Amino acid sequence: MMGPTTLAEIKSGLRAALVRTGKDPIQWLEERIAKLEKAAKPDRKEIELLQGLRHVLQDGVQGKPAREPKTRRPGRRPKSRAAR
């Protein structure tokens, strides 16, 4: 949560704002990023921001990949208090 607004509420607000363009939000962001990258002096900060928005919106559509469980290295057990 960010303040009183949840991440889900922020994502839905972004989608609603981007839907007003009449295009798929992801497609619109990709076209805007491509247009900025082709410019003579691309604004790197704006490109990074749009890429971040695209990433956030795609996460809601595709879901996050499953994480692999952490494994412990063999032979690295903590010493007991009696052995210290």
# chains A, B, ... in the order shown; residues from 1 in each chain; ligands from 1
$ residues_around --residues "stretch 37-50 of chain A" --least-positions-apart "3" --cutoff "12 Å" --atoms "only C-alpha atoms" --output "list of chain:residue names"
A:Leu14, A:Leu18, A:Pro25, A:Ile26, A:Gln27, A:Trp28, A:Leu29, A:Glu30, A:Glu31, A:Arg32, A:Ile33, A:Ala34, A:Leu53, A:Arg54, A:His55, A:Val56, A:Leu57
$ atom_distance --atom1 "atom CA of A:Lys23" --atom2 "atom CA of A:Gln51"
17.0 Å
$ atom_distance --atom1 "atom CA of A:Gln58" --atom2 "atom CA of A:Asp24"
11.6 Å
$ atom_distance --atom1 "atom CA of A:Gly3" --atom2 "atom CA of A:Arg15"
19.8 Å
